[in-house]
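Right, one structure below, let's go through it.
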Amino acid sequence: MLGGKLRDIYEKYGVKSVYPIIYIVFFLANFLPALGMTYPATDPNELCVIAVSQFFTGKNWAGVMCSVDYYYGFLQGVLYTPIMLIFHNPELQYVAIGAVNSLIISFVPILAFSIGKRLGIEKLWKLLVIAFVTGGYCCYFAHSKFAWSETATIILPWLILRLMLIMGELKNKAKTHALSTLLGFLCALFLAANVRLIAVILTVVAAIIAERIFYNKKSVFLNSFIPTFVIGTVGVLAVTHMLITQLWCCNDPALLNNTLSNLFSSLSKEIEHSSARFIQTIFGQLYYFITSTWGFGAVAFCLFGAMISNLWKKKRSGEPQTYHHGICVIGVFAFFSAIFTLISSTLYRFGTDGFYTYQDNVIFGRFLDGIIPFAILFVMAVLFTTSVKINKILGAAVITAMVYLVFFTITVPVILGCDSTRIAPILALYPLRVGADTELLDFNTLLLTISMVFCILSVFIVVISCTKKYRSAIISVIICVLTVYSLLFISGTYLPMCRNESVVKNQAVADISESVYNQNGAPPLTLYNLSRHDALMLQFLNTNVNVRITYDIESIPENCFVAVKENEDVSALLGGRMPFLLIDENESLRLYAYGERAVAYMRSQNVDESEQEAENIPLITTSEAIPASAEVTTTTTVQTSFTTERTPIISTYIPPEVVTSHIDDFGEEAEWAEIE
């Protein structure tokens, strides 16, 4: 019934009448699950992006960001900047971030629908299938629920592909110049979103070359594209350098991970000493690419090979090309974005220190998640415009078998030797582990995933062999069912797990944060020997105060709030002649006021004793922990039940030259939902 009404609207009012309906449906589907996410759940990715947005509002988190050794780009932070200006409550900020992500990611099905329409696909159900299986890709749905850079890195390639298809049909030179300029600007933004999108820049170059070779077309005017791209890149690099020096407190980008400088500075040495790792990683990621697409990635490779062969044949014979120009652009985009991303992802992961610790380093797929739907789009486009023959499915099965054979020979032994894994970087594999517990990837679960892929390819072989008229409809039903199943897994298993872990992990920090007063003139907050995540979370929950982290007790300044672990030895501070006030504590953390002005400020925030007695607020004075020599030192516990308006506090912090990571930092670029 709903489909019939939608078809009537489509036939009566055209394609633009369907866009709002698709957009609203996808926005609600994306935003409603995001409402349950209370705190940032990936460490330190989300909090670093939020730090960038706060930086652009005039607040500087350098005091805690000096403990982070990864750079995550700044484009997503720019998108969140208005949120930080409008909302001042951290929980409201996080809800608004979910709304912004949903607004952005919900354009993917619209772009996919319009791309299908531009290819000449007229039937509404086919266009809706394309929109659903690409816009509803499970990793798009999952990654857009967090405040990291994934949403921006997902939407930009879709905008680029849509723009290139439009330019391929233009005959007006002025419009082509304008869009070529826009294309150069968008490519420059890739580096602002995440350095890994350099793979998509190379893909754009490959698409321009392929178009000129096979179709003798110059859809992109290089004299407009190149200058804009160069100028935009210079601007992006300038902003990046400013953030790295002022926010990350690092004068050399080569010292931070996720930067091109770091990659190039260590690449030759890593390849020389870790060539075996390189091969193991690239086949691990090939395994991820094929498996996470339920075999469609291998089908896309076969279809692309057949398309290139046909294009060369027609080019050499001088005959007109039989493939639609748009199909060629999509095929090149899908193939080269996958190849270049596989290479760049491998270069970033194979030399990591945790290579033999975390299973996901070997089969790291999060970089691939953003471009995987392009392979699915290419397969569906060929299916709906021409057809997919059985030899392509058989070829895909052969490619899959070869990749899996090498994968099990050289990569699986490394995976089985690791003692922990993180779900987020290999999220698309988990729906295929039907019935498996959330445990480490063992031999049986890896075998199960490849069995699922061969089952799907076998079904395709049967469908294509036995049907012709309903071939595309049956395959569409199969991939839609797989998409729905994957989305149910994300909604019912992964997101609730992240939500619960986020609450549990952040509860102690949230509790102690309620006792931090940030009125005008309040003392700054110093964190001694806390984990990177706790430091970033305390800064996030107290966005109007400068928080600093130190691992040297001697560097704790006077007249500040001090947060430490519950079992931390602070006798060096207690033994001094400075007043030392215990404000709050829980099972994990303690909060002190240190120094005369800090203690005086803290006491000034509390009501007098009669009001305390009336409100049953205990005031407990202890002296057991104070050395006898410190006669003027007092230690008092004050439990408070209210907070006050937060206002900016300015403090100067020079980060230590050597910063040691805390044991619960989860290692480099740690993801939550870690399994051991």
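Labeling convention for the structure tokens: chains A, B, ... as they appear, residues from 1 per chain, ligands from 1 in order of appearance.
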Skip stretch 76-92 of chain A itself and residues of its chain fewer than 6 positions away, then list as a count of residues only all residues within 10 Å of it, counting only C-alpha atoms.
-> 35
Find the nearest atom pair between each residue of stretch 202-271 of chain A and stretch 315-335 of chain A for residues within 10 Å, count only C-alpha atoms, give distances in Å to one decimal, sort rows by chain and ascending number, and present the table as CSV.
residue,atom,partner,partner_atom,distance
A:Leu202,CA,A:Phe333,CA,9.8
A:Thr203,CA,A:Phe333,CA,6.0
A:Val204,CA,A:Phe333,CA,7.3
A:Val205,CA,A:Phe333,CA,9.9
A:Ala206,CA,A:Val332,CA,7.3
A:Ala207,CA,A:Val332,CA,5.9
A:Ile208,CA,A:Val329,CA,8.8
A:Ala210,CA,A:Val332,CA,7.7
A:Glu211,CA,A:Val329,CA,7.5
A:Ile213,CA,A:Lys315,CA,8.3
A:Phe214,CA,A:Lys315,CA,6.2
A:Tyr215,CA,A:Gln321,CA,7.5
A:Asn216,CA,A:Lys315,CA,9.9
A:Lys217,CA,A:His325,CA,9.9
Suppose we keep N, CA, C and O atoms; can you now write the selection as a PDB file, in the first residue's frame?
ATOM      1  N   LEU A 202      43.091  10.437  -5.507  1.00  0.00           N
ATOM      2  CA  LEU A 202      43.707   9.636  -6.578  1.00  0.00           C
ATOM      3  C   LEU A 202      42.647   8.981  -7.449  1.00  0.00           C
ATOM      4  O   LEU A 202      42.838   8.824  -8.662  1.00  0.00           O
ATOM      5  N   THR A 203      41.522   8.617  -6.852  1.00  0.00           N
ATOM      6  CA  THR A 203      40.421   8.026  -7.620  1.00  0.00           C
ATOM      7  C   THR A 203      39.838   9.033  -8.598  1.00  0.00           C
ATOM      8  O   THR A 203      39.510   8.687  -9.742  1.00  0.00           O
ATOM      9  N   VAL A 204      39.692  10.279  -8.168  1.00  0.00           N
ATOM     10  CA  VAL A 204      39.196  11.334  -9.058  1.00  0.00           C
ATOM     11  C   VAL A 204      40.136  11.500 -10.244  1.00  0.00           C
ATOM     12  O   VAL A 204      39.692  11.618 -11.403  1.00  0.00           O
ATOM     13  N   VAL A 205      41.434  11.483  -9.988  1.00  0.00           N
ATOM     14  CA  VAL A 205      42.417  11.585 -11.073  1.00  0.00           C
ATOM     15  C   VAL A 205      42.275  10.406 -12.033  1.00  0.00           C
ATOM     16  O   VAL A 205      42.293  10.579 -13.266  1.00  0.00           O
ATOM     17  N   ALA A 206      42.104   9.191 -11.487  1.00  0.00           N
ATOM     18  CA  ALA A 206      41.936   8.003 -12.332  1.00  0.00           C
ATOM     19  C   ALA A 206      40.672   8.112 -13.177  1.00  0.00           C
ATOM     20  O   ALA A 206      40.659   7.718 -14.358  1.00  0.00           O
ATOM     21  N   ALA A 207      39.601   8.643 -12.604  1.00  0.00           N
ATOM     22  CA  ALA A 207      38.347   8.789 -13.348  1.00  0.00           C
ATOM     23  C   ALA A 207      38.491   9.806 -14.475  1.00  0.00           C
ATOM     24  O   ALA A 207      37.957   9.607 -15.583  1.00  0.00           O
ATOM     25  N   ILE A 208      39.204  10.901 -14.221  1.00  0.00           N
ATOM     26  CA  ILE A 208      39.432  11.910 -15.264  1.00  0.00           C
ATOM     27  C   ILE A 208      40.231  11.317 -16.415  1.00  0.00           C
ATOM     28  O   ILE A 208      39.919  11.525 -17.603  1.00  0.00           O
ATOM     29  N   ALA A 210      40.521   8.043 -17.236  1.00  0.00           N
ATOM     30  CA  ALA A 210      39.725   7.019 -17.920  1.00  0.00           C
ATOM     31  C   ALA A 210      38.703   7.645 -18.849  1.00  0.00           C
ATOM     32  O   ALA A 210      38.471   7.163 -19.976  1.00  0.00           O
ATOM     33  N   GLU A 211      38.091   8.728 -18.404  1.00  0.00           N
ATOM     34  CA  GLU A 211      37.091   9.404 -19.232  1.00  0.00           C
ATOM     35  C   GLU A 211      37.714   9.954 -20.512  1.00  0.00           C
ATOM     36  O   GLU A 211      37.123   9.853 -21.599  1.00  0.00           O
ATOM     37  N   ILE A 213      40.460   8.859 -21.981  1.00  0.00           N
ATOM     38  CA  ILE A 213      40.965   7.777 -22.822  1.00  0.00           C
ATOM     39  C   ILE A 213      39.834   7.101 -23.581  1.00  0.00           C
ATOM     40  O   ILE A 213      39.910   6.897 -24.809  1.00  0.00           O
ATOM     41  N   PHE A 214      38.787   6.724 -22.878  1.00  0.00           N
ATOM     42  CA  PHE A 214      37.752   5.878 -23.475  1.00  0.00           C
ATOM     43  C   PHE A 214      36.608   6.651 -24.118  1.00  0.00           C
ATOM     44  O   PHE A 214      35.938   6.135 -25.011  1.00  0.00           O
ATOM     45  N   TYR A 215      36.352   7.882 -23.682  1.00  0.00           N
ATOM     46  CA  TYR A 215      35.207   8.629 -24.211  1.00  0.00           C
ATOM     47  C   TYR A 215      35.616   9.932 -24.888  1.00  0.00           C
ATOM     48  O   TYR A 215      34.755  10.655 -25.395  1.00  0.00           O
ATOM     49  N   ASN A 216      36.925  10.219 -24.887  1.00  0.00           N
ATOM     50  CA  ASN A 216      37.420  11.459 -25.494  1.00  0.00           C
ATOM     51  C   ASN A 216      36.667  12.683 -24.974  1.00  0.00           C
ATOM     52  O   ASN A 216      36.356  13.616 -25.720  1.00  0.00           O
ATOM     53  N   LYS A 217      36.369  12.680 -23.681  1.00  0.00           N
ATOM     54  CA  LYS A 217      35.631  13.774 -23.068  1.00  0.00           C
ATOM     55  C   LYS A 217      36.515  14.485 -22.061  1.00  0.00           C
ATOM     56  O   LYS A 217      37.359  13.879 -21.418  1.00  0.00           O
TER      57      LYS A 217
END
Would you kindly return, as a ChimeraX atom specification, each protein, DNA or RNA residue with an atom no farther than 10 Å from any atom of A:Ile450, considering only C-alpha atoms and excluding same-chain residues fewer than 4 positions away?
-> /A:287,290-292,294-295,400-401,404,432-433,445-446,454-456
So how far away is atom CA of A:Leu186 from atom CA of A:Phe374, in Å?
-> 18.2 Å
Using only C-alpha atoms, what does the table of stretch 94-160 of chain A residues within 12 Å of stretch 169-179 of chain A look like, with each row giving the shortest atom pair and its distance in Å to one decimal, sorted by chain and ascending number, as JSON lines?
{"residue": "A:Arg118", "atom": "CA", "partner": "A:Glu169", "partner_atom": "CA", "distance": 9.6}
{"residue": "A:Leu119", "atom": "CA", "partner": "A:Glu169", "partner_atom": "CA", "distance": 11.0}
{"residue": "A:Leu159", "atom": "CA", "partner": "A:Leu179", "partner_atom": "CA", "distance": 11.9}
{"residue": "A:Ile160", "atom": "CA", "partner": "A:Leu179", "partner_atom": "CA", "distance": 10.5}
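When atom CA of A:Ser102 is paired with atom CA of A:Ser144, their separation reads 6.9 Å.
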Would you mind reading off the distance between atom CA of A:Lys468 and atom CA of A:Lys389, one decimal, in Å?
->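 According to the coordinates, atom CA of A:Lys468 and atom CA of A:Lys389 are separated by 10.1 Å.
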Any chance you could list, as an MDAnalysis selection string, the residues in stretch 551-586 of chain A that come up strand (DSSP E) when DSSP is run on the backbone?
-> chainID A and resid 560:565 580:585
Within 8 Å of stretch 351-373 of chain A: each stretch 113-161 of chain A residue with its shortest pair, only C-alpha atoms, as a tab-separated table:
residue	atom	partner	partner_atom	distance
A:Val133	CA	A:Pro373	CA	7.8
A:Thr134	CA	A:Pro373	CA	5.2
A:Tyr137	CA	A:Pro373	CA	6.9
A:Cys139	CA	A:Asp369	CA	6.3
A:Tyr140	CA	A:Gly370	CA	7.3
A:Glu150	CA	A:Gly370	CA	7.7
A:Thr153	CA	A:Gly370	CA	6.9
A:Ile154	CA	A:Gly370	CA	5.0
A:Pro157	CA	A:Ile371	CA	7.9
For A:Ile271, please output as a list in words all residues within 12 Å (counting only C-alpha atoms; exclusion window: fewer than 4 positions along the same chain).
->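 Using only C-alpha atoms, the neighbours found are Leu263, Phe264, Ser265, Ser266, Leu267, Ser275, Ala276, Arg277, Phe278, Ile279, Thr346, Leu347, Tyr348, Arg349, Phe350, Gly351 and Thr352 of chain A.
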With C-alpha atoms kept, could you save the residues just selected as a CSV table (one decimal), in the first residue's frame?
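This is the output file again_17.csv:
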chain,number,residue,atom,x,y,z
A,263,LEU,CA,53.6,8.2,7.2
A,264,PHE,CA,56.3,9.3,4.9
A,265,SER,CA,58.9,9.7,7.7
A,266,SER,CA,58.7,6.1,8.8
A,267,LEU,CA,57.5,4.3,5.6
A,275,SER,CA,57.5,-6.5,4.5
A,276,ALA,CA,55.8,-9.7,5.7
A,277,ARG,CA,53.4,-7.5,7.8
A,278,PHE,CA,52.5,-5.5,4.7
A,279,ILE,CA,51.4,-8.6,2.7
A,346,THR,CA,47.7,-1.0,4.8
A,347,LEU,CA,50.4,1.6,4.9
A,348,TYR,CA,48.9,3.1,8.0
A,349,ARG,CA,48.3,-0.1,9.9
A,350,PHE,CA,51.0,-2.6,9.1
A,351,GLY,CA,53.7,-0.8,11.1
A,352,THR,CA,51.7,-0.2,14.2
Stretch 225-428 of chain A: which residues are alpha helix (DSSP H) by DSSP, as a ChimeraX atom specification?
-> /A:225-246,260-273,275-292,296-317,325-349,359-362,366-369,372-385,390-406,412-417
